[in-house]
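Chemist: Before I ask anything, let me first share the structure, which is written out below as structure tokens.
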Amino acid sequence: MHYPFSDIEKQWQDRWSSEHTYRSTEDPSKPKYYVLDMFPYPSGTGLHIGHPEGYTATDIVSRFKRMCGYNVLHPMGFDAFGLPTERQAMVENIHPTVITERNVSTFMRQLQRIGFDFDWTRMVNTTDPEYMKWTQWMFLQIYNAWYDADKNKARPISELPIPEHLSDPLEIERYRDERRLAYIAHIPVNWCEALGTVLANEEVDEWVGKGYTVERRPMRQWMMRITAYAQRLLDDLQTLDWPASTVEMQRNWIGRSEGAEIRFPVADHDAVITAFTTRPDTVFGATYMVLAPEHPLVDRITTEEQHITVVEYRNAAALKSDLERTELAKVKTGVPTGAYAVNPATGERIPIWVADYVLAHYGTGAIMAVPGHDQRDYDFARKYSLPIVQVVGPGSIDDHALTEPGTAMNSENASVSLNGLSTDEAKRTISNWLEATGTGRARIQFKLRDWLFSRQRYWGEPIPILFFDDGTKRSLDLDELPLVLPEVEDFNPKGTVESALSTVDSWVNFTDPKTGKHARLETNTMPQWAGSCWYFLRYCDPENTDRFASTERERFWMGDSGVDLYIGGAEHAVLHLMYARFWHKVLFDLGHVSTAEPVKRLFHQGLILGEDGRKMSKSLGNVLNPDEVIDQVGADALRLYEMFLGPLEASKPWNTKGVEGITRFLDRVWRLVVADDGSLRTDLQDVAPTPEQDRVLHATIKKTREDIDALSMNTAIAQFMIFVNEFTGAEVRPKSAIERFLQCLAPFAPHIAEELWHRMGHTESIHLSAFPEVDETKLVQNEVEIVLQVNSKIRGKAVVPVNADQAAMEAIALADATVQKHLEGLTIRKKIVVPGKLVNFIAN
RNA sequence: GCAAGAGUGGCGGAAUUGGCAGACGCACUGGACUCAAAAUCCAGCGGGCUCAACACCCGUGCGGGUUCGACUCCCGCCUCUUGCACCA
């Protein structure tokens, strides 16, 4: 029969809660450890089986660190703003606040059943007005800041030098607005009519996959100037202990490329086309130019004859989705504008085309096409019979473009020659020439784009900006925050580009008490990412009403390296983790936080797949509910099983038989201490462990310590099983060894460990006890088994004293019958002796 | 296409300054206990050869290489997963 997990788990959870066992301490004499989970979105479906995986891992680490004498912060909260709640509210016709409360309480109940050591007094909820207040305040910090490129940091907008020629307040305001880190722009965005909102590029796939239609539409939007931080976001990746794949993804996302921008005058026209290229050394081979269909110069330079063709082409391109313009469109299309540009290097007139293989939002939206050395340009030139010139050798451009570096050729004019130079030299030389002649300059281009920050939804943080009738505006002061959402009758999409907030006239339209002027409030709200950019700061000091967190407590917990360990899914590798880094850096520049990076060590747990090896989903019917698993086998078994399944970072399938193996193990642990009748076992005695028992015990302590630090929970549990196998077979079970084993087990299976600890006579919680130390002397073995080899093949084994010298080992090896057999008739040419490992005779 | 990571028994997985491949668990087989079953306990469990033991041979995706010795290091492939994808 199973041990009584359902009784003891509930009982200990209640007792830990009433005794505040896991209340975070802030003892300045002890070091701190901040271990963080990515907080969940409280969906209506409740916790799924994947949630406890990462949470259990952090729970183990936090319990272990607490037992090692650290002040530990292991908090939990809810990322509760977002579209699904609003949609659920619409379906059920209940206010999102109520839905959120309901979902949060379900999540909390489920989390508590698993026995996590979260300090619930520090719980945060992004929709709580007291939390929102600081999200809005931080937004305004960003809004009221500009990026000082000289000092390479953000500074308050009040410190922005205003050019002397500006005197009109509106002009000064515009000058500032153009430099704020949060600003309004009119750009094409992903608009979803059915959802009634714009979506971030990264969100589009998800909703299109669910059958929604997303179109590109130019709209007024709030943007975050994350691009100002591109270089720092890239550089600081080196300081982080993050998964290589995530660092790589962020690097790609930032997409730094070095090159030059080159100015091409339009022939017989005053316009100039600026093109960005990473290969300025090939400028002599630029035989045509291409503008993106959306490029602002297209209208100005297109000739009368080409006008209709170009307009038609542009309209067709506008209707294409991004998918059609990229993935599906392997065949490039384009039309000539009829205009010509002058290649500044060759002085030749080259035709200007419009083609949608050039993206409006990257670089300058225009390229110099070098078909000889760029495959895309090559394909296009071949299709439309444009000239192809080779300016880099060696090799032939008969079949394809030569994109590799080489030696410049055919690249000479009256004032500069690249001929004979390597690609690197040629780049330097031409960049200097461009600069000297005013036709261009070296430049670094990033792929990263500014962050689209506004949503046209109800269920998000309102943007605290007032617009006055005279065209001026002001941001709300701290004493006016939080700006809370108004009650609405109906938050369904209105088919307009404004959120449901715009329908609440009394909220939107009012007389500003501070200025006495008539004002309109911004009706856009913030995206879900906003609240998750800084929640880890709020955990440090969640009750604070004067600041998002006091300086002292922020410094105490964020220390000099920020969050010590952050565990969450890899799906946030670029979005949340990039946004949060940016947000944190702005706060850092403005002096509000003490670290340049929020998270020192990051780890992604893998997916738990269905028993069939496929991703769990409702439609496949392979979804598991943690509540059911706990009902059947208990929380400790659920925790242990999820950890034993395999490496934390790997995706691995659930296996019900495997769960049985874990329950069997826990039953064995129970029986190590408790007899069938429920009393303490009589063979549990105050005796000294045997040397072998001591060795297993200390190996277990050592492995537990090492494996928790390495997040290798599965191998620690394997060691627990070895311990239990060893001690189950013992006639007498030394109490001291069993107790120390329970302390090792405690972070993993907190309930059973606590119960047995108390049954063995302790009155204090095992989770507040000091983690056992390793006695290395107990691990030293007197004798070791070595391998005897002849010509590198294993021919025997021998047990030798651990300190046996080479001669002794050789002698033992030579005495082995099988070794002798294999050496018969051969001469030993070489002897390899590795102390404690092997003896190898090379003979022929 | 580019980038990152992975490939080990029937299954999940262990093992890295190069030194006994398969720890631990699951499944399976046998035994003990039982009238019997379940549970529990004990033992076995990569493949080949062998009645069996000893001995021997093969074996970490494939093909090469370095080395006394390679799951581990190097070169070239194949497959899978994830991410990015006309980024000039």
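Following the order of the structure tokens, chains are lettered A, B, ..., residues in each are numbered from 1, and ligands are numbered from 1.
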Step one, run DSSP on the backbone; step two, keep only residues of segment 170-273 of chain A assigned to alpha helix (DSSP H); then write them as number ranges by chain.
Modeler: A: 170-177, 201-209, 230-235, 244-254
Chemist: Please list as a VMD selection string every residue within 7 Å of C26 of chain B, counting only C-alpha atoms (C1' of nucleotides) and excluding residues in the same chain fewer than 4 positions away.
Modeler: chain A and resid 657 to 658 661
Chemist: Got time to write the residues from that selection, C-alpha atoms, as an mmCIF file, in the first residue's frame?
Modeler:
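And here's out-v3.cif as it stands now:
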```cif
data_model
loop_
_atom_site.group_PDB
_atom_site.id
_atom_site.type_symbol
_atom_site.label_atom_id
_atom_site.label_comp_id
_atom_site.auth_asym_id
_atom_site.auth_seq_id
_atom_site.Cartn_x
_atom_site.Cartn_y
_atom_site.Cartn_z
ATOM 1 C CA LYS A 657 4.450 3.702 -15.825
ATOM 2 C CA GLY A 658 7.322 5.995 -14.950
ATOM 3 C CA GLY A 661 8.370 3.923 -10.460
#
```
Chemist: Tell me which protein, DNA and RNA residues are within 10 Å of Asn190 of chain A, counting only C-alpha atoms (C1' of nucleotides), leaving out same-chain ones fewer than 6 positions away, and put them as an NGL selection string.
Modeler: :A and (197-201 or 203-204 or 213-219)
Chemist: Give me a file of those residues, with all heavy atoms, as a CSV table (one decimal), in the first residue's frame.
Modeler:
```csv
chain,number,residue,atom,x,y,z
A,197,THR,N,-7.7,44.8,-32.7
A,197,THR,CA,-6.4,45.4,-32.2
A,197,THR,C,-5.3,45.2,-33.2
A,197,THR,O,-5.4,44.4,-34.1
A,197,THR,CB,-6.0,44.8,-30.9
A,197,THR,OG1,-4.9,45.5,-30.4
A,197,THR,CG2,-5.7,43.3,-31.0
A,198,VAL,N,-4.2,45.9,-33.0
A,198,VAL,CA,-3.0,45.6,-33.8
A,198,VAL,C,-2.3,44.5,-33.0
A,198,VAL,O,-2.5,44.3,-31.8
A,198,VAL,CB,-2.1,46.8,-33.9
A,198,VAL,CG1,-2.7,47.9,-34.7
A,198,VAL,CG2,-1.6,47.3,-32.5
A,199,LEU,N,-1.4,43.8,-33.7
A,199,LEU,CA,-0.7,42.8,-33.1
A,199,LEU,C,0.8,43.0,-33.4
A,199,LEU,O,1.2,43.5,-34.4
A,199,LEU,CB,-1.0,41.4,-33.7
A,199,LEU,CG,-2.5,40.9,-33.4
A,199,LEU,CD1,-2.8,39.7,-34.3
A,199,LEU,CD2,-2.7,40.6,-32.0
A,200,ALA,N,1.7,42.6,-32.4
A,200,ALA,CA,3.1,42.7,-32.7
A,200,ALA,C,3.4,41.6,-33.8
A,200,ALA,O,2.7,40.6,-33.9
A,200,ALA,CB,3.9,42.3,-31.4
A,201,ASN,N,4.5,41.9,-34.5
A,201,ASN,CA,4.8,40.9,-35.6
A,201,ASN,C,4.9,39.5,-35.1
A,201,ASN,O,4.5,38.6,-35.7
A,201,ASN,CB,6.2,41.3,-36.2
A,201,ASN,CG,6.2,42.6,-36.9
A,201,ASN,OD1,5.2,42.9,-37.6
A,201,ASN,ND2,7.2,43.3,-36.9
A,203,GLU,N,3.2,38.2,-32.7
A,203,GLU,CA,1.9,37.6,-32.3
A,203,GLU,C,1.1,37.2,-33.5
A,203,GLU,O,0.1,36.5,-33.3
A,203,GLU,CB,1.2,38.7,-31.5
A,203,GLU,CG,1.8,39.0,-30.2
A,203,GLU,CD,1.2,40.3,-29.5
A,203,GLU,OE1,1.0,41.3,-30.2
A,203,GLU,OE2,1.0,40.2,-28.3
A,204,VAL,N,1.5,37.7,-34.7
A,204,VAL,CA,0.6,37.4,-35.9
A,204,VAL,C,0.4,36.0,-36.1
A,204,VAL,O,-0.8,35.5,-36.3
A,204,VAL,CB,1.2,38.1,-37.1
A,204,VAL,CG1,0.4,37.7,-38.4
A,204,VAL,CG2,1.2,39.6,-36.9
A,213,THR,N,-7.8,36.9,-39.6
A,213,THR,CA,-7.2,37.6,-40.7
A,213,THR,C,-6.5,38.8,-40.2
A,213,THR,O,-7.1,39.6,-39.4
A,213,THR,CB,-8.3,38.0,-41.7
A,213,THR,OG1,-9.0,36.8,-42.0
A,213,THR,CG2,-7.6,38.6,-43.0
A,214,VAL,N,-5.3,39.0,-40.6
A,214,VAL,CA,-4.5,40.1,-40.2
A,214,VAL,C,-4.1,40.9,-41.4
A,214,VAL,O,-3.6,40.3,-42.4
A,214,VAL,CB,-3.3,39.6,-39.4
A,214,VAL,CG1,-2.4,40.8,-39.0
A,214,VAL,CG2,-3.7,38.9,-38.1
A,215,GLU,N,-4.3,42.2,-41.4
A,215,GLU,CA,-3.9,43.0,-42.6
A,215,GLU,C,-2.9,44.1,-42.2
A,215,GLU,O,-2.9,44.5,-41.0
A,215,GLU,CB,-5.1,43.6,-43.2
A,215,GLU,CG,-5.9,44.5,-42.3
A,215,GLU,CD,-7.1,45.2,-43.0
A,215,GLU,OE1,-6.9,45.8,-44.0
A,215,GLU,OE2,-8.2,45.0,-42.5
A,216,ARG,N,-2.2,44.6,-43.1
A,216,ARG,CA,-1.3,45.7,-42.8
A,216,ARG,C,-2.0,47.0,-43.1
A,216,ARG,O,-2.6,47.2,-44.1
A,216,ARG,CB,0.0,45.6,-43.7
A,216,ARG,CG,0.9,44.4,-43.2
A,216,ARG,CD,2.2,44.5,-43.9
A,216,ARG,NE,3.1,45.5,-43.3
A,216,ARG,CZ,3.8,45.3,-42.2
A,216,ARG,NH1,3.7,44.2,-41.5
A,216,ARG,NH2,4.5,46.3,-41.7
A,217,ARG,N,-1.9,47.9,-42.1
A,217,ARG,CA,-2.6,49.1,-42.2
A,217,ARG,C,-1.8,50.2,-41.5
A,217,ARG,O,-1.3,50.0,-40.4
A,217,ARG,CB,-4.0,48.9,-41.5
A,217,ARG,CG,-5.0,50.0,-41.8
A,217,ARG,CD,-6.1,49.8,-40.8
A,217,ARG,NE,-7.2,49.1,-41.3
A,217,ARG,CZ,-8.5,49.2,-40.8
A,217,ARG,NH1,-8.7,49.9,-39.7
A,217,ARG,NH2,-9.4,48.4,-41.2
A,218,PRO,N,-1.6,51.4,-42.1
A,218,PRO,CA,-0.9,52.4,-41.5
A,218,PRO,C,-1.8,53.0,-40.4
A,218,PRO,O,-2.9,53.4,-40.6
A,218,PRO,CB,-0.6,53.4,-42.6
A,218,PRO,CG,-1.5,53.1,-43.7
A,218,PRO,CD,-2.2,51.8,-43.4
A,219,MET,N,-1.3,53.1,-39.1
A,219,MET,CA,-2.0,53.6,-38.0
A,219,MET,C,-1.1,54.4,-37.1
A,219,MET,O,0.1,54.3,-37.1
A,219,MET,CB,-2.6,52.4,-37.2
A,219,MET,CG,-3.8,51.8,-38.0
A,219,MET,SD,-4.4,50.3,-37.1
A,219,MET,CE,-4.8,51.0,-35.5
```
Chemist: Please report, as JSON lines, each residue of chain B lying at most 7 Å from chain A, together with the nearest pair of atoms and the separation in Å rounded to one decimal; use only C-alpha atoms (C1' of nucleotides), and order rows by chain and ascending residue number.
Modeler:
```
{"residue": "B:A4", "atom": "C1'", "partner": "A:Ser245", "partner_atom": "CA", "distance": 5.1}
{"residue": "B:G12", "atom": "C1'", "partner": "A:Leu645", "partner_atom": "CA", "distance": 6.5}
{"residue": "B:G13", "atom": "C1'", "partner": "A:Gly646", "partner_atom": "CA", "distance": 6.2}
{"residue": "B:G19", "atom": "C1'", "partner": "A:Lys837", "partner_atom": "CA", "distance": 6.6}
{"residue": "B:C20", "atom": "C1'", "partner": "A:Val787", "partner_atom": "CA", "distance": 6.3}
{"residue": "B:C24", "atom": "C1'", "partner": "A:Ala718", "partner_atom": "CA", "distance": 4.4}
{"residue": "B:G25", "atom": "C1'", "partner": "A:Gly661", "partner_atom": "CA", "distance": 6.4}
{"residue": "B:C26", "atom": "C1'", "partner": "A:Gly658", "partner_atom": "CA", "distance": 5.6}
{"residue": "B:A39", "atom": "C1'", "partner": "A:Met1", "partner_atom": "CA", "distance": 6.6}
{"residue": "B:C68", "atom": "C1'", "partner": "A:Ser792", "partner_atom": "CA", "distance": 6.3}
{"residue": "B:G69", "atom": "C1'", "partner": "A:Ser792", "partner_atom": "CA", "distance": 5.7}
{"residue": "B:G83", "atom": "C1'", "partner": "A:Met249", "partner_atom": "CA", "distance": 6.8}
{"residue": "B:C86", "atom": "C1'", "partner": "A:Tyr357", "partner_atom": "CA", "distance": 5.4}
{"residue": "B:C87", "atom": "C1'", "partner": "A:Lys447", "partner_atom": "CA", "distance": 6.2}
{"residue": "B:A88", "atom": "C1'", "partner": "A:Thr277", "partner_atom": "CA", "distance": 5.7}
```
Chemist: Write out as a compact mmCIF listing (two decimals) with C-alpha atoms, in the first residue's frame which residues come within 12 Å of Gln390 of chain A when counting only C-alpha atoms (C1' of nucleotides), dropping same-chain ones fewer than 6 positions away.
Modeler:
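The new file around-v6.txt reads:
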```txt
# COMPACT_ATOMS: atom_id res chain seq x y z
CA ASP A 281 33.59 47.49 -52.17
CA THR A 282 31.28 46.36 -54.98
CA VAL A 283 29.89 49.80 -55.75
CA PHE A 284 31.56 49.76 -59.19
CA GLY A 285 29.38 46.77 -59.98
CA ALA A 286 26.10 48.47 -59.05
CA THR A 287 24.27 48.37 -62.38
CA VAL A 370 25.20 44.44 -57.59
CA PRO A 371 24.09 41.41 -59.58
CA GLY A 372 27.62 40.09 -59.99
CA HIS A 373 28.01 39.60 -56.26
CA ASP A 374 24.57 39.23 -54.74
CA TYR A 378 21.67 38.26 -59.89
CA SER A 396 33.18 33.28 -62.91
CA ILE A 397 29.77 34.91 -62.71
CA ASP A 398 28.36 32.92 -65.61
CA HIS A 400 25.65 32.57 -60.21
CA ALA A 401 26.78 35.56 -58.22
CA LEU A 402 30.15 35.49 -56.47
CA THR A 403 29.25 36.43 -52.94
CA GLY A 406 38.05 38.01 -52.97
CA THR A 407 40.11 40.58 -54.82
CA ALA A 408 38.59 43.70 -56.32
CA MET A 409 38.75 44.24 -60.11
CA ASN A 410 37.22 46.59 -62.68
CA SER A 411 36.92 49.10 -59.86
CA ASN A 419 41.82 46.96 -58.10
```
Chemist: Given only C-alpha atoms as the basis, pick out the residue of A:Leu648, A:Met132, A:Leu779, A:Cys68 nearest to Asp694 of chain A.
Modeler: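 Of A:Leu648, A:Met132, A:Leu779, A:Cys68, the one nearest Asp694 of chain A, counting only C-alpha atoms, is A:Leu779.
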Chemist: Using only C-alpha atoms, which residue out of A:Gln456, A:Ser769, A:Thr97, A:Gln141 lies closest to Thr126 of chain A?
Modeler: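 Closest to Thr126 of chain A, using only C-alpha atoms: A:Thr97.
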Chemist: Which residue out of B:A3, B:C49, B:C78, B:C28 has the minimum interatomic distance to G63 of chain B when only C-alpha atoms (C1' of nucleotides) are used?
Modeler: B:C78
Chemist: Rounded to one decimal, what separation in Å do you get between atom CA of Thr239 of chain A and atom CA of Asp59 of chain A?
Modeler: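 Atom-to-atom, atom CA of Thr239 of chain A and atom CA of Asp59 of chain A are spaced 25.6 Å apart.
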Chemist: So that I can check the surroundings of Ile184 of chain A, please list as a ChimeraX atom specification every protein, DNA and RNA residue that reaches within 12 Å of it, counting only C-alpha atoms (C1' of nucleotides) and ignoring chain neighbours fewer than 5 positions away.
Modeler: /A:143,174,176-179,219-225,450-454,463,465,522,524
Chemist: Can you pull out every residue within 6 Å of segment 6-11 of chain B, counting only C-alpha atoms (C1' of nucleotides), but drop anything in the same chain fewer than 6 positions away, and send it as a PyMOL selection string?
Modeler: chain B and resi 46+60-61
Chemist: Would you please give, as a list in words, all residues of segment 110-191 of chain A that DSSP assigns to strand (DSSP E or B) based on the backbone?
Modeler: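 Those in segment 110-191 of chain A that DSSP calls strand (DSSP E or B) are Val124, Asn125, Ala145, Trp146, Tyr147, Asp148, Lys153, Ala154, Arg155, Pro156, Arg180, Ala182, Tyr183, Ile184, Ala185, His186, Ile187, Pro188, Val189, Asn190 and Trp191 of chain A.
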Chemist: Given the selection you just returned, output its residues as a file containing N, CA and C atoms, formatted as a short mmCIF file (atom, residue, chain, number, x, y, z; two decimals), in the first residue's frame.
Modeler:
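As written to disk, selection_36.cif reads:
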```cif
data_model
loop_
_atom_site.label_atom_id
_atom_site.label_comp_id
_atom_site.auth_asym_id
_atom_site.auth_seq_id
_atom_site.Cartn_x
_atom_site.Cartn_y
_atom_site.Cartn_z
N VAL A 124 2.38 39.30 -6.83
CA VAL A 124 1.99 40.47 -7.61
C VAL A 124 0.99 40.05 -8.68
N ASN A 125 0.19 41.03 -9.09
CA ASN A 125 -0.79 40.81 -10.15
C ASN A 125 -0.73 42.07 -11.01
N ALA A 145 12.17 60.59 -21.39
CA ALA A 145 13.62 60.41 -21.49
C ALA A 145 14.03 60.44 -22.95
N TRP A 146 15.29 60.77 -23.17
CA TRP A 146 15.84 60.74 -24.54
C TRP A 146 17.18 60.04 -24.47
N TYR A 147 17.67 59.62 -25.62
CA TYR A 147 18.93 58.88 -25.62
C TYR A 147 20.07 59.80 -26.01
N ASP A 148 20.98 59.99 -25.08
CA ASP A 148 22.15 60.83 -25.33
C ASP A 148 23.22 59.95 -25.97
N LYS A 153 23.68 56.86 -23.05
CA LYS A 153 22.70 56.45 -22.05
C LYS A 153 21.47 57.35 -22.14
N ALA A 154 20.39 56.86 -21.57
CA ALA A 154 19.17 57.66 -21.55
C ALA A 154 19.29 58.74 -20.48
N ARG A 155 18.68 59.90 -20.75
CA ARG A 155 18.66 60.99 -19.78
C ARG A 155 17.26 61.60 -19.75
N PRO A 156 16.93 62.26 -18.66
CA PRO A 156 15.60 62.88 -18.59
C PRO A 156 15.41 63.90 -19.72
N ARG A 180 11.96 61.42 -27.76
CA ARG A 180 11.54 60.64 -26.59
C ARG A 180 11.73 59.14 -26.84
N ALA A 182 9.69 56.91 -25.76
CA ALA A 182 8.36 56.41 -26.13
C ALA A 182 7.73 57.51 -26.96
N TYR A 183 7.29 57.17 -28.16
CA TYR A 183 6.83 58.21 -29.07
C TYR A 183 5.70 57.70 -29.95
N ILE A 184 5.01 58.66 -30.57
CA ILE A 184 3.89 58.30 -31.45
C ILE A 184 4.38 58.30 -32.89
N ALA A 185 4.02 57.26 -33.63
CA ALA A 185 4.41 57.18 -35.04
C ALA A 185 3.22 56.72 -35.86
N HIS A 186 3.26 57.04 -37.13
CA HIS A 186 2.24 56.54 -38.04
C HIS A 186 2.91 55.57 -38.98
N ILE A 187 2.70 54.29 -38.72
CA ILE A 187 3.39 53.28 -39.53
C ILE A 187 2.43 52.15 -39.85
N PRO A 188 2.75 51.37 -40.88
CA PRO A 188 1.90 50.21 -41.20
C PRO A 188 2.06 49.16 -40.13
N VAL A 189 0.94 48.68 -39.61
CA VAL A 189 0.98 47.69 -38.54
C VAL A 189 0.05 46.54 -38.87
N ASN A 190 0.12 45.50 -38.06
CA ASN A 190 -0.73 44.33 -38.28
C ASN A 190 -2.05 44.54 -37.56
N TRP A 191 -3.06 44.82 -38.34
CA TRP A 191 -4.37 45.08 -37.76
C TRP A 191 -5.25 43.86 -37.93
#
```
Chemist: Taking into account only C-alpha atoms, which residue in the set A:Thr663, A:Thr545, A:Thr439, A:Thr429 is nearest to Asn343 of chain A?
Modeler: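 Closest to Asn343 of chain A, using only C-alpha atoms: A:Thr439.
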Chemist: So that I can see what lies close to A43 of chain B, please list as a tab-separated table (two decimals) with all heavy atoms, in the first residue's frame the residues with an atom at most 12 Å from it, counting only C-alpha atoms (C1' of nucleotides) and leaving out residues fewer than 5 positions away in the same chain.
Modeler:
```tsv
chain	number	residue	atom	x	y	z
B	29	U	P	7.20	-11.41	-18.51
B	29	U	OP1	6.28	-12.33	-19.21
B	29	U	OP2	6.76	-10.71	-17.28
B	29	U	O5'	8.54	-12.20	-18.16
B	29	U	C5'	9.22	-12.93	-19.17
B	29	U	C4'	10.48	-13.53	-18.59
B	29	U	O4'	11.43	-12.47	-18.27
B	29	U	C3'	10.32	-14.29	-17.28
B	29	U	O3'	9.81	-15.60	-17.47
B	29	U	C2'	11.74	-14.28	-16.74
B	29	U	O2'	12.56	-15.22	-17.41
B	29	U	C1'	12.19	-12.86	-17.13
B	29	U	N1	11.95	-11.89	-16.03
B	29	U	C2	12.91	-11.84	-15.02
B	29	U	O2	13.90	-12.56	-14.99
B	29	U	N3	12.65	-10.93	-14.03
B	29	U	C4	11.57	-10.07	-13.96
B	29	U	O4	11.47	-9.30	-13.01
B	29	U	C5	10.63	-10.19	-15.04
B	29	U	C6	10.86	-11.08	-16.01
B	30	G	P	8.89	-16.26	-16.34
B	30	G	OP1	8.38	-17.54	-16.89
B	30	G	OP2	7.94	-15.24	-15.83
B	30	G	O5'	9.93	-16.58	-15.18
B	30	G	C5'	10.87	-17.64	-15.33
B	30	G	C4'	11.92	-17.59	-14.27
B	30	G	O4'	12.55	-16.29	-14.25
B	30	G	C3'	11.43	-17.75	-12.83
B	30	G	O3'	11.12	-19.09	-12.50
B	30	G	C2'	12.64	-17.22	-12.06
B	30	G	O2'	13.70	-18.15	-12.05
B	30	G	C1'	13.02	-16.01	-12.93
B	30	G	N9	12.36	-14.80	-12.43
B	30	G	C8	11.27	-14.14	-12.95
B	30	G	N7	10.93	-13.08	-12.25
B	30	G	C5	11.85	-13.06	-11.21
B	30	G	C6	12.00	-12.14	-10.12
B	30	G	O6	11.32	-11.16	-9.86
B	30	G	N1	13.06	-12.52	-9.29
B	30	G	C2	13.88	-13.59	-9.48
B	30	G	N2	14.84	-13.76	-8.57
B	30	G	N3	13.76	-14.43	-10.48
B	30	G	C4	12.75	-14.11	-11.31
B	31	G	P	9.99	-19.37	-11.40
B	31	G	OP1	9.75	-20.83	-11.41
B	31	G	OP2	8.85	-18.44	-11.61
B	31	G	O5'	10.71	-18.96	-10.04
B	31	G	C5'	11.79	-19.75	-9.56
B	31	G	C4'	12.46	-19.06	-8.40
B	31	G	O4'	12.81	-17.70	-8.78
B	31	G	C3'	11.60	-18.86	-7.16
B	31	G	O3'	11.48	-20.03	-6.37
B	31	G	C2'	12.39	-17.75	-6.45
B	31	G	O2'	13.55	-18.27	-5.83
B	31	G	C1'	12.79	-16.88	-7.63
B	31	G	N9	11.81	-15.80	-7.83
B	31	G	C8	10.91	-15.65	-8.86
B	31	G	N7	10.18	-14.58	-8.75
B	31	G	C5	10.63	-13.97	-7.57
B	31	G	C6	10.23	-12.77	-6.92
B	31	G	O6	9.34	-11.97	-7.28
B	31	G	N1	10.95	-12.55	-5.76
B	31	G	C2	11.94	-13.36	-5.27
B	31	G	N2	12.52	-12.97	-4.14
B	31	G	N3	12.34	-14.48	-5.87
B	31	G	C4	11.65	-14.71	-7.00
B	32	A	P	10.20	-20.29	-5.46
B	32	A	OP1	10.29	-21.66	-4.91
B	32	A	OP2	8.99	-19.88	-6.22
B	32	A	O5'	10.41	-19.23	-4.29
B	32	A	C5'	11.47	-19.41	-3.35
B	32	A	C4'	11.47	-18.27	-2.34
B	32	A	O4'	11.63	-17.01	-3.05
B	32	A	C3'	10.16	-18.09	-1.58
B	32	A	O3'	10.06	-18.98	-0.47
B	32	A	C2'	10.26	-16.63	-1.14
B	32	A	O2'	11.12	-16.49	-0.03
B	32	A	C1'	10.91	-15.99	-2.37
B	32	A	N9	9.92	-15.45	-3.30
B	32	A	C8	9.47	-15.98	-4.47
B	32	A	N7	8.58	-15.23	-5.10
B	32	A	C5	8.44	-14.13	-4.27
B	32	A	C6	7.65	-12.98	-4.36
B	32	A	N6	6.81	-12.72	-5.37
B	32	A	N1	7.74	-12.07	-3.36
B	32	A	C2	8.58	-12.32	-2.34
B	32	A	N3	9.37	-13.37	-2.15
B	32	A	C4	9.25	-14.25	-3.16
```
Chemist: Would you mind reading off the distance between atom CA of Gly471 of chain A and atom CA of Met526 of chain A, one decimal, in Å?
Modeler: 22.7 Å
